Every structure is written in structure tokens, then in C-alpha cells.
file upload.tsv (TSV, C-alpha atoms)
chain	number	residue	atom	x	y	z
G	125	MET	CA	6.58	-16.83	97.14
G	126	PRO	CA	6.03	-15.87	100.79
G	127	PHE	CA	8.45	-16.72	103.55
G	128	LEU	CA	8.24	-16.04	107.26
G	129	GLN	CA	10.85	-16.03	109.98
G	130	ALA	CA	10.24	-18.55	112.78
G	131	ARG	CA	13.01	-18.37	115.35
G	132	THR	CA	16.22	-18.89	113.30
G	133	HIS	CA	14.44	-20.57	110.40
G	134	ARG	CA	13.16	-19.07	107.14
G	135	LEU	CA	10.04	-21.04	106.25
G	136	HIS	CA	8.07	-21.08	103.03
G	137	TYR	CA	4.32	-20.97	103.60
G	138	ALA	CA	0.92	-20.33	102.05
G	139	ASP	CA	-1.95	-18.46	103.69
G	140	SER	CA	-5.48	-18.84	102.33
G	141	HIS	CA	-6.64	-15.62	104.03
G	142	PRO	CA	-3.67	-13.29	104.68
G	143	ASP	CA	-6.05	-10.48	105.62
G	144	GLY	CA	-7.67	-12.52	108.37
G	145	SER	CA	-9.82	-15.58	108.97
G	146	PRO	CA	-13.44	-15.70	107.78
G	147	SER	CA	-14.28	-17.33	111.11
G	148	ASP	CA	-12.90	-17.60	114.63
G	149	LEU	CA	-10.97	-20.76	113.73
G	150	THR	CA	-7.66	-21.09	111.87
G	151	PHE	CA	-5.95	-24.29	110.76
G	152	ILE	CA	-2.15	-24.70	110.61
G	153	PHE	CA	-0.74	-27.77	108.88
G	154	ILE	CA	2.51	-29.71	109.48
G	155	HIS	CA	3.52	-32.19	106.77
G	156	GLY	CA	5.44	-35.43	107.11
G	157	LEU	CA	8.86	-36.67	106.01
G	158	GLY	CA	9.60	-36.38	102.29
G	159	SER	CA	6.66	-34.04	101.80
G	160	SER	CA	5.78	-30.36	101.74
G	161	GLN	CA	2.89	-28.04	102.35
G	162	ASN	CA	1.50	-29.18	98.98
G	163	TYR	CA	0.51	-32.48	100.58
G	164	TYR	CA	-2.47	-30.68	102.11
G	165	PHE	CA	-3.68	-28.82	99.05
G	166	PRO	CA	-6.10	-31.59	97.96
G	167	VAL	CA	-8.06	-31.12	101.23
G	168	LEU	CA	-7.98	-27.32	101.45
G	169	PRO	CA	-10.99	-26.69	99.14
G	170	HIS	CA	-13.17	-28.28	101.84
G	171	LEU	CA	-11.98	-25.70	104.38
G	172	THR	CA	-11.03	-22.36	102.88
G	173	SER	CA	-14.55	-21.01	102.35
G	174	HIS	CA	-14.98	-20.97	106.14
G	175	TYR	CA	-11.51	-21.13	107.71
G	176	ARG	CA	-8.07	-19.60	107.36
G	177	CYS	CA	-5.55	-22.29	106.43
G	178	ILE	CA	-1.79	-21.92	106.90
G	179	THR	CA	0.43	-24.53	105.25
G	180	ILE	CA	4.17	-24.53	105.96
G	181	ASP	CA	7.24	-26.28	104.59
G	182	THR	CA	9.04	-27.63	107.64
G	183	TYR	CA	12.62	-26.42	108.11
G	184	GLY	CA	14.81	-28.46	105.73
G	185	ALA	CA	11.88	-29.68	103.61
G	186	GLY	CA	10.19	-28.41	100.47
G	187	ARG	CA	11.19	-24.80	99.83
G	188	SER	CA	12.34	-24.04	103.37
G	189	PRO	CA	16.15	-24.01	103.13
G	190	TYR	CA	18.26	-26.27	105.30
G	191	THR	CA	21.11	-24.43	107.02
G	192	ASN	CA	22.78	-27.36	108.79
G	193	GLU	CA	21.05	-26.98	112.16
G	194	THR	CA	20.04	-30.07	114.10
G	195	VAL	CA	16.31	-30.76	113.84
G	196	SER	CA	14.08	-32.42	116.42
G	197	ILE	CA	10.37	-32.97	116.82
G	198	PRO	CA	10.22	-30.28	119.55
G	199	SER	CA	12.10	-27.85	117.28
G	200	ILE	CA	9.52	-28.42	114.53
G	201	ALA	CA	6.77	-27.70	117.06
G	202	ASP	CA	8.61	-24.58	118.26
G	203	ASP	CA	8.81	-23.36	114.64
G	204	ILE	CA	5.02	-23.65	114.38
G	205	ILE	CA	4.64	-21.42	117.43
G	206	GLY	CA	7.12	-19.02	115.81
G	207	ALA	CA	5.03	-19.03	112.64
G	208	LEU	CA	1.82	-18.33	114.55
G	209	ASP	CA	3.55	-15.46	116.34
G	210	ALA	CA	4.90	-14.06	113.07
G	211	LEU	CA	1.40	-14.14	111.57
G	212	LYS	CA	-0.16	-12.76	114.78
G	213	ILE	CA	-2.42	-15.79	115.17
G	214	PRO	CA	-2.98	-16.47	118.88
G	215	LYS	CA	-4.51	-19.93	118.53
G	216	ALA	CA	-5.07	-22.56	115.83
G	217	ILE	CA	-6.23	-26.08	115.08
G	218	VAL	CA	-2.96	-27.96	114.52
G	219	VAL	CA	-3.02	-30.69	111.88
G	220	GLY	CA	0.02	-32.95	111.54
G	221	HIS	CA	0.75	-35.89	109.26
G	222	SER	CA	3.19	-38.69	110.18
G	223	MET	CA	6.30	-36.86	111.49
G	224	GLY	CA	4.04	-33.80	111.65
G	225	GLY	CA	1.63	-35.83	113.78
G	226	LEU	CA	4.40	-36.22	116.35
G	227	ALA	CA	4.92	-32.45	116.28
G	228	ALA	CA	1.18	-31.75	116.51
G	229	THR	CA	0.78	-33.88	119.64
G	230	ASP	CA	3.89	-32.26	121.12
G	231	LEU	CA	2.31	-28.86	120.47
G	232	GLY	CA	-0.88	-29.97	122.17
G	233	ALA	CA	1.11	-31.12	125.19
G	234	ARG	CA	3.52	-28.17	125.53
G	235	TYR	CA	1.57	-25.22	124.12
G	236	PRO	CA	-2.07	-25.75	125.14
G	237	ASP	CA	-2.82	-22.01	125.11
G	238	HIS	CA	-1.97	-21.85	121.40
G	239	VAL	CA	-3.97	-24.91	120.36
G	240	SER	CA	-7.72	-25.01	119.64
G	241	GLY	CA	-7.59	-28.66	118.66
G	242	VAL	CA	-5.18	-31.35	117.47
G	243	VAL	CA	-5.62	-33.57	114.40
G	244	ALA	CA	-3.00	-36.30	114.03
G	245	ILE	CA	-3.05	-38.01	110.62
G	246	GLY	CA	-1.13	-41.28	110.60
G	247	PRO	CA	1.05	-40.18	113.52
G	248	VAL	CA	4.22	-42.22	113.95
G	249	HIS	CA	4.77	-43.56	117.46
G	250	PRO	CA	8.52	-43.80	118.22
G	251	SER	CA	9.95	-47.32	118.31
G	252	GLU	CA	13.26	-49.17	118.00
G	253	MET	CA	12.33	-50.26	114.48
G	254	LEU	CA	11.77	-46.62	113.52
G	255	VAL	CA	15.28	-45.76	114.75
G	256	THR	CA	16.78	-48.40	112.45
G	257	VAL	CA	14.67	-47.48	109.40
G	258	MET	CA	15.23	-43.73	109.69
G	259	SER	CA	18.98	-44.05	110.34
G	260	LYS	CA	19.34	-46.21	107.23
G	261	ARG	CA	17.32	-43.74	105.15
G	262	ALA	CA	19.52	-40.85	106.25
G	263	ASP	CA	22.63	-42.73	105.15
G	264	THR	CA	21.05	-43.75	101.84
G	265	VAL	CA	20.02	-40.26	100.71
G	266	LEU	CA	23.33	-38.69	101.73
G	267	GLU	CA	25.10	-41.27	99.59
G	268	SER	CA	22.70	-41.60	96.63
G	269	GLY	CA	20.31	-38.62	96.71
G	270	MET	CA	16.53	-38.82	96.71
G	271	GLU	CA	16.12	-41.27	93.81
G	272	PRO	CA	16.10	-44.44	95.95
G	273	MET	CA	13.31	-42.99	98.12
G	274	ALA	CA	11.36	-41.72	95.11
G	275	ASN	CA	11.55	-45.14	93.48
G	276	THR	CA	10.13	-46.98	96.50
G	277	ILE	CA	8.00	-44.79	98.80
G	278	PRO	CA	5.21	-43.91	96.32
G	279	PHE	CA	4.52	-47.59	95.76
G	280	ALA	CA	5.28	-49.20	99.13
G	281	ALA	CA	3.58	-46.66	101.41
G	282	VAL	CA	0.15	-46.33	99.79
G	283	GLY	CA	-3.02	-48.38	100.11
G	284	SER	CA	-4.80	-50.57	97.59
G	285	ARG	CA	-7.13	-47.78	96.38
G	286	SER	CA	-4.32	-45.42	95.37
G	287	THR	CA	-4.09	-44.30	91.74
G	288	GLU	CA	-1.11	-43.90	89.44
G	289	LEU	CA	-1.60	-40.13	89.46
G	290	GLN	CA	-1.46	-40.10	93.27
G	291	LYS	CA	1.75	-42.12	93.20
G	292	ALA	CA	3.23	-39.68	90.70
G	293	PHE	CA	2.38	-36.75	93.01
G	294	ILE	CA	4.04	-38.50	95.96
G	295	ARG	CA	7.10	-39.24	93.80
G	296	GLU	CA	7.37	-35.56	92.91
G	297	LEU	CA	7.12	-34.54	96.57
G	298	VAL	CA	9.92	-36.94	97.49
G	299	LEU	CA	12.17	-35.96	94.57
G	300	GLY	CA	11.78	-32.29	95.50
G	301	GLN	CA	13.59	-32.72	98.83
G	302	ASP	CA	17.08	-31.55	99.68
G	303	PRO	CA	18.91	-34.77	100.68
G	304	THR	CA	20.72	-33.07	103.56
G	305	GLY	CA	17.47	-31.65	104.93
G	306	TYR	CA	15.73	-35.00	104.45
G	307	ALA	CA	18.52	-36.78	106.31
G	308	ALA	CA	18.29	-34.28	109.17
G	309	LEU	CA	14.55	-34.94	109.44
G	310	CYS	CA	15.17	-38.70	109.35
G	311	ARG	CA	17.47	-38.24	112.34
G	312	ALA	CA	14.83	-36.12	114.07
G	313	ILE	CA	12.41	-39.03	113.80
G	314	ALA	CA	15.06	-41.56	114.84
G	315	SER	CA	15.83	-39.56	117.99
G	316	ALA	CA	12.20	-38.75	118.79
G	317	GLN	CA	10.70	-39.53	122.17
G	318	PRO	CA	6.95	-40.07	122.56
G	319	ALA	CA	5.14	-36.82	123.27
G	320	ASP	CA	3.49	-36.46	126.66
G	321	TYR	CA	0.24	-37.77	125.19
G	322	ALA	CA	-1.58	-37.52	128.52
G	323	ALA	CA	-0.90	-33.78	128.57
G	324	VAL	CA	-2.95	-33.30	125.38
G	325	LYS	CA	-6.31	-32.07	126.61
G	326	ALA	CA	-7.57	-30.08	123.61
G	327	PRO	CA	-10.17	-31.70	121.34
G	328	PHE	CA	-8.34	-34.45	119.46
G	329	MET	CA	-8.92	-36.45	116.30
G	330	LEU	CA	-6.69	-39.22	114.97
G	331	ILE	CA	-7.09	-40.25	111.34
G	332	ALA	CA	-5.58	-43.63	110.50
G	333	GLY	CA	-5.18	-45.56	107.26
G	334	GLU	CA	-6.49	-49.11	107.35
G	335	GLU	CA	-3.48	-50.27	105.27
G	336	ASP	CA	-0.88	-47.91	106.74
G	337	LYS	CA	2.38	-49.79	107.34
G	338	SER	CA	4.36	-46.66	108.29
G	339	ALA	CA	2.02	-45.72	111.14
G	340	PRO	CA	0.45	-49.08	112.09
G	341	MET	CA	-2.88	-49.23	113.86
G	342	GLU	CA	-1.28	-50.50	117.06
G	343	GLY	CA	0.75	-47.30	117.45
G	344	CYS	CA	-2.19	-45.09	116.47
G	345	LYS	CA	-4.43	-46.75	119.06
G	346	HIS	CA	-1.75	-46.36	121.71
G	347	ILE	CA	-1.52	-42.63	121.04
G	348	PHE	CA	-5.31	-42.29	120.96
G	349	ASP	CA	-5.78	-44.17	124.22
G	350	GLN	CA	-3.11	-42.13	126.03
G	351	VAL	CA	-4.44	-38.68	125.02
G	352	SER	CA	-6.46	-37.11	127.86
G	353	SER	CA	-8.88	-35.10	125.72
G	354	GLN	CA	-12.48	-35.47	126.82
G	355	LYS	CA	-13.54	-34.87	123.23
G	356	LYS	CA	-11.64	-37.24	120.95
G	357	SER	CA	-12.31	-39.53	118.00
G	358	LEU	CA	-10.47	-42.19	115.99
G	359	GLU	CA	-11.31	-42.34	112.28
G	360	VAL	CA	-10.08	-45.18	110.05
G	361	LEU	CA	-9.93	-44.75	106.26
G	362	LYS	CA	-10.63	-47.95	104.33
G	363	ASN	CA	-8.02	-49.19	101.83
G	364	VAL	CA	-5.78	-46.19	102.55
G	365	GLY	CA	-2.06	-46.32	103.30
G	366	HIS	CA	0.19	-43.61	104.72
G	367	TRP	CA	-0.50	-40.70	102.33
G	368	HIS	CA	-4.03	-40.01	103.55
G	369	CYS	CA	-4.54	-36.47	102.19
G	370	ILE	CA	-3.55	-37.61	98.70
G	371	GLU	CA	-5.19	-41.04	98.74
G	372	ALA	CA	-8.46	-39.93	100.38
G	373	ALA	CA	-8.62	-36.15	100.08
G	374	ASP	CA	-12.40	-35.83	100.23
G	375	GLU	CA	-12.74	-38.06	103.29
G	376	VAL	CA	-10.00	-36.22	105.16
G	377	GLY	CA	-11.41	-32.84	104.14
G	378	ASN	CA	-14.87	-33.78	105.34
G	379	LEU	CA	-13.48	-35.08	108.65
G	380	LEU	CA	-11.62	-31.79	109.23
G	381	VAL	CA	-14.81	-29.82	108.55
G	382	LYS	CA	-16.72	-32.07	110.96
G	383	PHE	CA	-13.99	-31.65	113.61
G	384	ALA	CA	-13.99	-27.85	113.31
G	385	GLY	CA	-17.77	-27.85	113.64
G	386	THR	CA	-17.49	-29.39	117.11
G	387	LEU	CA	-15.25	-26.63	118.48
call {"tool": "encode", "arguments": {"input": "upload.tsv", "output": "C-alpha cells"}}
result
Amino acid sequence: MPFLQARTHRLHYADSHPDGSPSDLTFIFIHGLGSSQNYYFPVLPHLTSHYRCITIDTYGAGRSPYTNETVSIPSIADDIIGALDALKIPKAIVVGHSMGGLAATDLGARYPDHVSGVVAIGPVHPSEMLVTVMSKRADTVLESGMEPMANTIPFAAVGSRSTELQKAFIRELVLGQDPTGYAALCRAIASAQPADYAAVKAPFMLIAGEEDKSAPMEGCKHIFDQVSSQKKSLEVLKNVGHWHCIEAADEVGNLLVKFAGTL
């Protein structure tokens, strides 16, 4: 299993074309809380015949070991730049889901020279309610492990079209987390400040779930309206909750192909 070194973090990753991209465009993917790079694998078949796709387990999540460092949204973004440098990729389309959507917009704002485009999937806009929810989650998993999250998230955070198999996949993603790493990422979300949305000028697409309670439409529209990109679009997936790439893999895959075709 391949790992790369990004700053002080050893990150597990997958690379669809380790010998180079079949085109001028490369995608790099940042997953959300309680997830891993595997979240994106249902959409990759739409992309890999034309584009290089890099999927990474965020520090403290999936198979990337947690070593007790404090995590923040900017540190996640900095790790992505470290990964691009390690792989000698000068520029990429950054795709981020939920917590990863925060990091993707932060990348677009702070590292414009490294970003060909930004796709935010169900990005979470920081709020006081989010501080309370994430702080409580951190305490819960440190006390009781991942079971309480695995027994609730796959059922409460999906839309009405989700299947039992999709819920089982989400449950497995959640159960696979290190509780200490998960808690650190909860705190990263709780302490997050809104990215400088207006500084995002690269082509931008926001994909929202019509039934997403974790990243409500109000927050998604706020982010979308604040982004300065001249080329931007807001796509809403019907009957979809917060786990877009699992609940609606074909729609998300097709939207990513369409987005890349405009660059």
C-alpha cells in the first residue's frame, strides 16, 4: 500500500496513473469526516480513462496514522500541497467533500497557483451549531469508540434514495476510523473559520444534496455566492443527503467530467 510524506505526515494514497496523467488535468480528492479515500472510488471510473486521480486519506483518518498532532482545516490543505509536491504535480483540480470541502475552498483561496479548479461537495460552512455538534462527537468517540457514530451516521445523514448497501458502506467507513484521529478532526471542524471565499477565483463547482442536513442548502448557497470565480455552477442532487459520492455516484462522476471539460 503506497504512502507519501506530506510535511510531517505519512499519508496513505492511491494514484490511478503513477506514471503520469493521460491528459493535462489531474484530480486530487479530499474526503470528509469519518471517511477515507474509498469514498471517491464509486466516481473514479467516470474519470480515470482521461484523467489522473489522486485519492488521499487525510492525516488521522483511514489508513493515515494519527500521531497526536493538532489538526486544522488549513493544515489539511497544506498536506494536500505537500502531497502534490511529493508527487511532482504542479497543479490539480481539487475536489473536497464536507470537511474536505472546507479544505478545498481554503486551497483555492491560499494556493491559487496550484489549483486548476475547485469542486466542493456538500461543503460545511462553519457555525455555532457545528461547534457544539463536533465537540460532542469528539467526546463521545474518545469515551465509547466509533460504534455510536457507526450506528447513527449511515442512517441519519443520507437521503431518501439511499440503499441498504450504501448505508453498509458508510458504516464500514465510519467503523474503520481511529477514535483519536476522528476526535482530532472533529475539533478541526469545531475550530474552523470560513475560508476567504472571495479569494477563490479558479473555476468552481458546488455539488449539494437536496436532503443534506449536515451541509444545508443555506450554507452551500452562502459559499457559492461569496466565491469570486467568473466560471462557477451550483448543482443540486435530488433525494440525496450528505454522502453524495456513494448515494449518487453516477451523477457526481458525470458532473466532474463535465466540469473538467470546461477547463
call {"tool": "residues_around", "arguments": {"input": "upload.tsv", "residues": "Leu128 in chain G", "least_positions_apart": "5", "cutoff": "8 Å", "atoms": "all atoms listed in the file", "output": "ChimeraX atom specification"}}
result
/G:134-137,207,210
call {"tool": "residues_near_point", "arguments": {"input": "upload.tsv", "point": "(16.3, -38.0, 96.9)", "cutoff": "6 Å", "atoms": "all atoms listed in the file", "output": "ChimeraX atom specification"}}
result
/G:265,269-271,273,299,303
call {"tool": "closest_residue", "arguments": {"input": "upload.tsv", "among": "G:Ala280, G:Ala185, G:Asp263, G:Leu171", "to": "Leu379 in chain G", "atoms": "only C-alpha atoms"}}
result
G:Leu171
call {"tool": "closest_residue", "arguments": {"input": "upload.tsv", "among": "G:Gly158, G:Pro189, G:Pro169, G:Gly225", "to": "His133 in chain G", "atoms": "all atoms listed in the file"}}
result
G:Pro189
call {"tool": "atom_distance", "arguments": {"input": "upload.tsv", "atom1": "CA of Ile313 in chain G", "atom2": "CA of Pro278 in chain G"}}
result
19.5 Å
call {"tool": "closest_residue", "arguments": {"input": "upload.tsv", "among": "G:Val219, G:Ala308, G:Ile294, G:Ile205", "to": "Pro236 in chain G", "atoms": "all atoms listed in the file"}}
result
G:Ile205
call {"tool": "closest_residue", "arguments": {"input": "upload.tsv", "among": "G:Leu266, G:Met223, G:Met341, G:Val248", "to": "Gln301 in chain G", "atoms": "all atoms listed in the file"}}
result
G:Leu266
call {"tool": "closest_residue", "arguments": {"input": "upload.tsv", "among": "G:Gly232, G:Gly305, G:Pro272, G:Pro166", "to": "Arg187 in chain G", "atoms": "only C-alpha atoms"}}
result
G:Gly305
call {"tool": "residues_around", "arguments": {"input": "upload.tsv", "residues": "Arg234 in chain G", "least_positions_apart": "6", "cutoff": "9 Å", "atoms": "all atoms listed in the file", "output": "number ranges by chain"}}
result
G: 320, 323-324
call {"tool": "closest_residue", "arguments": {"input": "upload.tsv", "among": "G:Asp374, G:Gly206, G:Thr264, G:Leu309", "to": "Glu193 in chain G", "atoms": "all atoms listed in the file"}}
result
G:Leu309
